[in-house]
There are 4 protein chains.
Amino acid sequence: MIPVAIVGASGYTGLELIRLLSSHPIFQISAITSREFAGKSLSSAFGFSGKYGDIVFEMPEPESIAERAKGVFLCVPAGSAQEMAPLFLKRRLKVVDLSADFRFRDISLYERTYKIPFKAREYLDRAVYGLCEIYRQAIRDAELVGNPGCYPTSILLPLIPLLKEGLIHKEGIIADSKSGTSGAGRKAENYYSFCEVNEDFKAYKVASHRHTPEMEEKLSDFAGEKVQIVFTPHLLPINRGILSTIYVKFRAPLERIYEYLQEYYKGEPFVEIMPLGAYPRLSEVRGTNMCKIALFEDRERNQGIIISVIDNLVKGASGQAIQNMNILFALPEDTGLPRSPLFV
Amino acid sequence: MIPVAIVGASGYTGLELIRLLSSHPIFQISAITSREFAGKSLSSAFGFSGKYGDIVFEMPEPESIAERAKGVFLCVPAGSAQEMAPLFLKRRLKVVDLSADFRFRDISLYERTYKIPFKAREYLDRAVYGLCEIYRQAIRDAELVGNPGCYPTSILLPLIPLLKEGLIHKEGIIADSKSGTSGAGRKAENYYSFCEVNEDFKAYKVASHRHTPEMEEKLSDFAGEKVQIVFTPHLLPINRGILSTIYVKFRAPLERIYEYLQEYYKGEPFVEIMPLGAYPRLSEVRGTNMCKIALFEDRERNQGIIISVIDNLVKGASGQAIQNMNILFALPEDTGLPRSPLFV
Amino acid sequence: MIPVAIVGASGYTGLELIRLLSSHPIFQISAITSREFAGKSLSSAFGFSGKYGDIVFEMPEPESIAERAKGVFLCVPAGSAQEMAPLFLKRRLKVVDLSADFRFRDISLYERTYKIPFKAREYLDRAVYGLCEIYRQAIRDAELVGNPGCYPTSILLPLIPLLKEGLIHKEGIIADSKSGTSGAGRKAENYYSFCEVNEDFKAYKVASHRHTPEMEEKLSDFAGEKVQIVFTPHLLPINRGILSTIYVKFRAPLERIYEYLQEYYKGEPFVEIMPLGAYPRLSEVRGTNMCKIALFEDRERNQGIIISVIDNLVKGASGQAIQNMNILFALPEDTGLPRSPLFV
Amino acid sequence: MIPVAIVGASGYTGLELIRLLSSHPIFQISAITSREFAGKSLSSAFGFSGKYGDIVFEMPEPESIAERAKGVFLCVPAGSAQEMAPLFLKRRLKVVDLSADFRFRDISLYERTYKIPFKAREYLDRAVYGLCEIYRQAIRDAELVGNPGCYPTSILLPLIPLLKEGLIHKEGIIADSKSGTSGAGRKAENYYSFCEVNEDFKAYKVASHRHTPEMEEKLSDFAGEKVQIVFTPHLLPINRGILSTIYVKFRAPLERIYEYLQEYYKGEPFVEIMPLGAYPRLSEVRGTNMCKIALFEDRERNQGIIISVIDNLVKGASGQAIQNMNILFALPEDTGLPRSPLFV
């Protein structure tokens, strides 16, 4: 067993880590922290039963935690993670950071995007972007992983291989994404109250979401030149799931693109290219670490349309974080990660 | 046209009053108040279009409002209403108070229930409980109406006639009620956040809800002796609607009870006794001022079961408030109040 | 009072017509038809209370209906409407057809799209496309209106004025639309069952939806040349509402486009251009005949983004049908049509 | 590995069995059957990924299946199961039947309740009612288990120990239950279509649900005399979960009852008695095999109130079926069964 800790465990990604780790055969949760719930058990605070029902939230004291863990998941806000990660790295823990702090290669881009100074410069080189299927090789040698954003996961998985191979145009990419409300985290705001989300639907942060620079940096890296992406997020009245409808211009016939992508992700446990004509649904990935991708073409209008679905709390956050931790500890990458959905 | 004002108009009952009054042919909204949104238009604050989109929230200053209105709806918390109502009454406005302040005949019961001292004693005699179909006669002569609670409306309408007529036993009454989340008001709390209500269901305030004393006072009045009611409220993951499943012991055959109740509510525009065997649904009253009531019997187990449905924001709050105001101003009682539902 | 009939009244658009007409001061429903529910009252079949609760569904016999009505709403499938409309027109009724049969100018386009031969050729010239704000003048002189599709209503209202004025490019238009499930009608199919829609989200008919040709015909008419639109519909787990996110290339600064559109729709009761920066929500139009439109620009990526919202059952169907009937009978266009939403 | 088959695998309980068995370390699915989907893979029919994505539905041919399995789950309608079970039992498979066919001790009660003749009389003695925590001893020696109904599971777990111990009165028991819509199965009916369940709530089969006789038989067995229960089911607009609010008369102080029940279920992995004052929520058991039980008392009105929650598809069906199969094969009872919830 490998002991791991979760810092900031009382948010939705923290609770989802606990759910997933409850059936992980190797990682054993040794500590969970929460300022708000320190002293309370997981059972009394959130009604969790099972393996970790009796574990008690503690204050986030890195020194104490480091003594009891070999790996740590950081579920803290951007800005805090860059302060905490070094404390754990110094004590030789592997760190998977679910915040945005270590996602960027370009520090100034991070600072402009998040309006936060980046102070952990000496650790930047050790950080790898944790989109497992794409950066696997680098993650293996890393100590610190910047777990990707939920939207970027759903968009980069289909786009990176196609851009790299030159199968789509670098211009005119539009991603129209729809996310379940858990993506906003556990928040007491009117905007996210039941009556104002239920039976409603709305776009937000049009042309200004912080995941756009994250995606553009990665896309540009693989395209070999600057790539832009128009990104529009929307809030779905459901708990979990992201569906991204991505508009691109194909540079090859649909069938060729389909074959390439299928070949590219062949053998990947968590990425599935759907048969042409099939439609992905959020229910098919609910509770799983899967990303399902479907390709369409409007031939008459010369438009490629890619649709991808993930569970934002799993492949879009906690599941991918465990996948990264699996890689960091040289475990089989799919250890403890579900692929069969709660279909209803 | 009769000018009316809404004090505390930025909550859900306030906004529902505005929606309903938008198609009221006689009442004209002359002022809406909100400390939070003072200075903002209804359109900019809540995206309302239509007749009142340009009306601007103002601070709740009774003197100014009283000059511009003949009737006032109080949508303020219990405790505040008893302070404001006298200011309007002195200026000869008719007042419909949607809080609990003027619902009780027994002041000490109110004070124990709400933990608030009752200070408007001299106005108590002028206040009438605004369950229109039952207290109509008294409301006609009143200046001040205590609009009933949402749960009590759904429970008292079937029970009062039956108790009064001795058709059900006074003992063993249980009301198991389920309410949409708008009943909790516009609130920024985790407990009411989308992800924690959606796909969930829970009881709350078991044996301790403040609507129990309100109901028991009224039931006892009509029964001529003390009547108790066990009341269990639950939170439904929907916006609107209350369904109450009420367990009683019949003292007459089902058919006789059915006939009595149908006769009792004959000609009432807003109360409908469903044919025996038919099931009421929340969708049949959505957006309307209707209360639909169905009677069942488990003969083998000697149990009467009454099911009633209302839209908690309409018959359970703002619609009944307008019905009361209609009575206060001697208008036809159904003026401006919808009966046809948004079926989907 | 003007008597009107609804043929095919047991579907969601029929029931919504009944709800809306319940508070219409001039139109009086004289007949409702339904093969499935013939002989049953609206109250017994759907639990409707109110003005029309006792009206009884009858079989769709045009001759009998024509004697009792001056206007008729056809809520029947494409193919049936073109057979029924002439029967009513011959008897000098005004006809608003909610199906697709009379939406097209180009018969062959209709036939290719709906795989149905068009047989009512002699009536084609009398039919007008019922997008009221755009075709008002022609509707006034018409006897037969082809009520627009729900998606087209949400997309054409913002696009037609801009294309006509040359403020957006004719190329590269993409509409990513999301619709509530009532748009599919009252259907007993697994695909639309609660458990398979709830907490799910999915695209459908990518590059193959029948509303695309409808939109392209109208857009091309106003652009003066062939215009194509890439259209992707999605199914939202809510009852009502369409939000369309439309990607266009602006040919003028955002502010100029905003001013133009605001001027264009000035005084329109049912179209509202939102202040720059404001986001439309479905809840702001729920139950109303409004279309709200917001304009955004991703300046860095040179992309215009237009977001529009309607209630698909009101402005997208039954509300606009009544608006058309109002015009046909020279009534004030907003007669009996709500603009204030059920905010929750 | 122990090979098991699922007959009738394309319904919701079948799909949930597949999800749960995907992470079961011992049971290996060797065959799934479905007349509707025979020849299709689980992936192509329902989009399942993971371990069993490629498994293909076959026609339900017991002989062929029996050769490849040691245990079989029957997810077929009542009436069919009694025909199939013997075919498997003869071939020495262990059978867990999720239908009602083998739940009853009293055949005539079954026949009256389900209006189906009971033909498998010779197998009745070998069948055990599969409420694991109560009938564990008998299940160990059985070959055939009648898996309990979903509602009975939620109601019997709290009531049986209390009745047996004489801690509650045998009279006046009322269970007001609310179930998610998956309880109705995968059905193409208007009644269960999205728009008619969403934002709605309704009671059904009042005083006539078939789970009442099932419960009364078991309760009476433990009470030692005839016990009746008034049972009212309701349909919740959510996918999963049952909450039962049970009204009983306590025969001992609340604290004593609490201690007794806690002691009774001590060490049980799947039953949890909540601390006094705590409220159970469906979200706390979502996706898990847990039953959580809370006790309340309305002292002033002398009423005991018990609230229990389960996931109807897990502890109420497929999870308990696996728990039973675990017992039948002498595996640790909690093998492969989740206890940590999808909290959102």
# chains A, B, ... in the order shown; residues from 1 in each chain; ligands from 1
>>> residues_around(residues="B:Tyr151", least_positions_apart="2", cutoff="9 Å", atoms="only C-alpha atoms", output="list in words")
Pro148, Gly149, Thr153, Ser154, Ile155, Leu156, Ser177, Lys178, Ser179, His211, Met215, Pro233, Ile242, Leu243, Ser244, Asn312 and Gly316 of chain B
>>> interface_residues(of="chain D", to="chain B", cutoff="8 Å", atoms="only C-alpha atoms", output="VMD selection string")
chain D and resid 176 195 to 196 198 to 204 206 to 207 228 to 230 236 to 240 243 279 to 283 296 to 298 301 303 344
>>> write_last_selection(atoms="N, CA, C and O atoms", output="tab-separated table (two decimals), in the first residue's frame")
chain	number	residue	atom	x	y	z
D	176	ASP	N	-44.58	6.10	3.94
D	176	ASP	CA	-44.75	7.05	2.84
D	176	ASP	C	-43.42	7.06	2.10
D	176	ASP	O	-42.43	7.63	2.58
D	195	CYS	N	-40.57	14.91	-19.98
D	195	CYS	CA	-41.35	16.12	-19.69
D	195	CYS	C	-42.48	15.87	-18.71
D	195	CYS	O	-43.00	16.81	-18.12
D	196	GLU	N	-42.88	14.62	-18.54
D	196	GLU	CA	-44.01	14.35	-17.65
D	196	GLU	C	-43.56	13.87	-16.26
D	196	GLU	O	-44.38	13.60	-15.39
D	198	ASN	N	-40.16	15.15	-15.06
D	198	ASN	CA	-39.33	16.27	-14.65
D	198	ASN	C	-40.19	17.41	-14.08
D	198	ASN	O	-41.25	17.73	-14.64
D	199	GLU	N	-39.76	17.99	-12.99
D	199	GLU	CA	-40.48	19.10	-12.35
D	199	GLU	C	-41.88	18.69	-11.89
D	199	GLU	O	-42.71	19.55	-11.61
D	200	ASP	N	-42.13	17.39	-11.85
D	200	ASP	CA	-43.42	16.91	-11.39
D	200	ASP	C	-43.19	16.01	-10.16
D	200	ASP	O	-42.05	15.69	-9.81
D	201	PHE	N	-44.25	15.62	-9.53
D	201	PHE	CA	-44.19	14.70	-8.40
D	201	PHE	C	-45.59	14.18	-8.21
D	201	PHE	O	-46.56	14.93	-8.33
D	202	LYS	N	-45.72	12.89	-7.97
D	202	LYS	CA	-47.05	12.32	-7.88
D	202	LYS	C	-47.03	11.03	-7.10
D	202	LYS	O	-46.04	10.31	-7.09
D	203	ALA	N	-48.12	10.73	-6.43
D	203	ALA	CA	-48.31	9.43	-5.80
D	203	ALA	C	-48.87	8.48	-6.85
D	203	ALA	O	-49.40	8.92	-7.87
D	204	TYR	N	-48.73	7.19	-6.62
D	204	TYR	CA	-49.33	6.22	-7.54
D	204	TYR	C	-49.66	4.95	-6.77
D	204	TYR	O	-49.10	4.69	-5.72
D	206	VAL	N	-51.87	4.08	-4.77
D	206	VAL	CA	-52.19	4.25	-3.36
D	206	VAL	C	-53.05	3.08	-2.91
D	206	VAL	O	-54.01	2.71	-3.58
D	207	ALA	N	-52.69	2.47	-1.82
D	207	ALA	CA	-53.44	1.34	-1.25
D	207	ALA	C	-53.53	0.13	-2.18
D	207	ALA	O	-54.39	-0.73	-1.99
D	228	GLN	N	-50.20	-5.21	9.58
D	228	GLN	CA	-50.57	-4.49	8.36
D	228	GLN	C	-49.73	-3.24	8.24
D	228	GLN	O	-49.27	-2.67	9.23
D	229	ILE	N	-49.55	-2.81	7.00
D	229	ILE	CA	-48.79	-1.58	6.78
D	229	ILE	C	-49.47	-0.79	5.67
D	229	ILE	O	-49.80	-1.32	4.62
D	230	VAL	N	-49.74	0.46	5.97
D	230	VAL	CA	-50.28	1.36	4.94
D	230	VAL	C	-49.09	1.89	4.15
D	230	VAL	O	-48.14	2.42	4.74
D	236	LEU	N	-40.40	10.21	-7.73
D	236	LEU	CA	-39.50	11.36	-7.65
D	236	LEU	C	-38.88	11.67	-9.01
D	236	LEU	O	-38.49	10.75	-9.73
D	237	PRO	N	-38.73	12.95	-9.34
D	237	PRO	CA	-38.08	13.31	-10.59
D	237	PRO	C	-36.55	13.25	-10.48
D	237	PRO	O	-35.86	14.25	-10.67
D	238	ILE	N	-36.05	12.09	-10.14
D	238	ILE	CA	-34.61	11.82	-10.09
D	238	ILE	C	-34.41	10.40	-10.64
D	238	ILE	O	-35.37	9.65	-10.75
D	239	ASN	N	-33.19	10.07	-10.97
D	239	ASN	CA	-32.94	8.73	-11.52
D	239	ASN	C	-32.96	7.65	-10.45
D	239	ASN	O	-33.59	6.62	-10.61
D	240	ARG	N	-32.22	7.88	-9.36
D	240	ARG	CA	-31.98	6.81	-8.39
D	240	ARG	C	-32.32	7.23	-6.98
D	240	ARG	O	-32.06	8.37	-6.60
D	243	LEU	N	-36.39	7.06	-0.61
D	243	LEU	CA	-36.47	7.51	0.78
D	243	LEU	C	-37.84	7.11	1.31
D	243	LEU	O	-38.86	7.45	0.72
D	279	TYR	N	-29.91	13.77	9.51
D	279	TYR	CA	-30.87	13.49	8.45
D	279	TYR	C	-30.20	12.72	7.31
D	279	TYR	O	-29.16	13.12	6.83
D	280	PRO	N	-30.80	11.63	6.89
D	280	PRO	CA	-30.24	10.92	5.73
D	280	PRO	C	-30.61	11.64	4.43
D	280	PRO	O	-31.66	12.30	4.37
D	281	ARG	N	-29.76	11.52	3.44
D	281	ARG	CA	-30.01	12.11	2.13
D	281	ARG	C	-29.76	11.04	1.07
D	281	ARG	O	-28.88	10.20	1.22
D	282	LEU	N	-30.49	11.12	-0.01
D	282	LEU	CA	-30.26	10.14	-1.07
D	282	LEU	C	-28.83	10.23	-1.61
D	282	LEU	O	-28.24	9.23	-1.99
D	283	SER	N	-28.27	11.44	-1.64
D	283	SER	CA	-26.93	11.60	-2.20
D	283	SER	C	-25.88	10.82	-1.42
D	283	SER	O	-24.85	10.45	-1.96
D	296	PHE	N	-36.49	9.45	14.53
D	296	PHE	CA	-36.96	10.71	15.08
D	296	PHE	C	-38.18	10.45	15.94
D	296	PHE	O	-38.84	9.42	15.82
D	297	GLU	N	-38.47	11.42	16.78
D	297	GLU	CA	-39.68	11.29	17.58
D	297	GLU	C	-40.35	12.66	17.70
D	297	GLU	O	-39.68	13.67	17.92
D	298	ASP	N	-41.65	12.66	17.49
D	298	ASP	CA	-42.43	13.85	17.78
D	298	ASP	C	-43.04	13.57	19.15
D	298	ASP	O	-44.12	12.98	19.26
D	301	ARG	N	-46.54	14.74	20.18
D	301	ARG	CA	-47.64	14.05	19.47
D	301	ARG	C	-47.49	12.53	19.51
D	301	ARG	O	-48.18	11.82	18.82
D	303	GLN	N	-45.36	10.32	18.37
D	303	GLN	CA	-45.22	9.67	17.07
D	303	GLN	C	-43.74	9.38	16.79
D	303	GLN	O	-42.90	10.27	16.89
D	344	VAL	N	-21.98	13.99	-5.40
D	344	VAL	CA	-22.73	14.80	-6.38
D	344	VAL	C	-22.77	14.02	-7.69
D	344	VAL	O	-22.01	13.12	-7.91
>>> select_by_dssp(residues="stretch 96-339 of chain A", states="strand (DSSP E or B)", output="PyMOL selection string")
chain A and resi 96-97+127-129+144-146+168+174-179+193+202-203+230-235+242-248+250+271-273+281+291-298+303-310
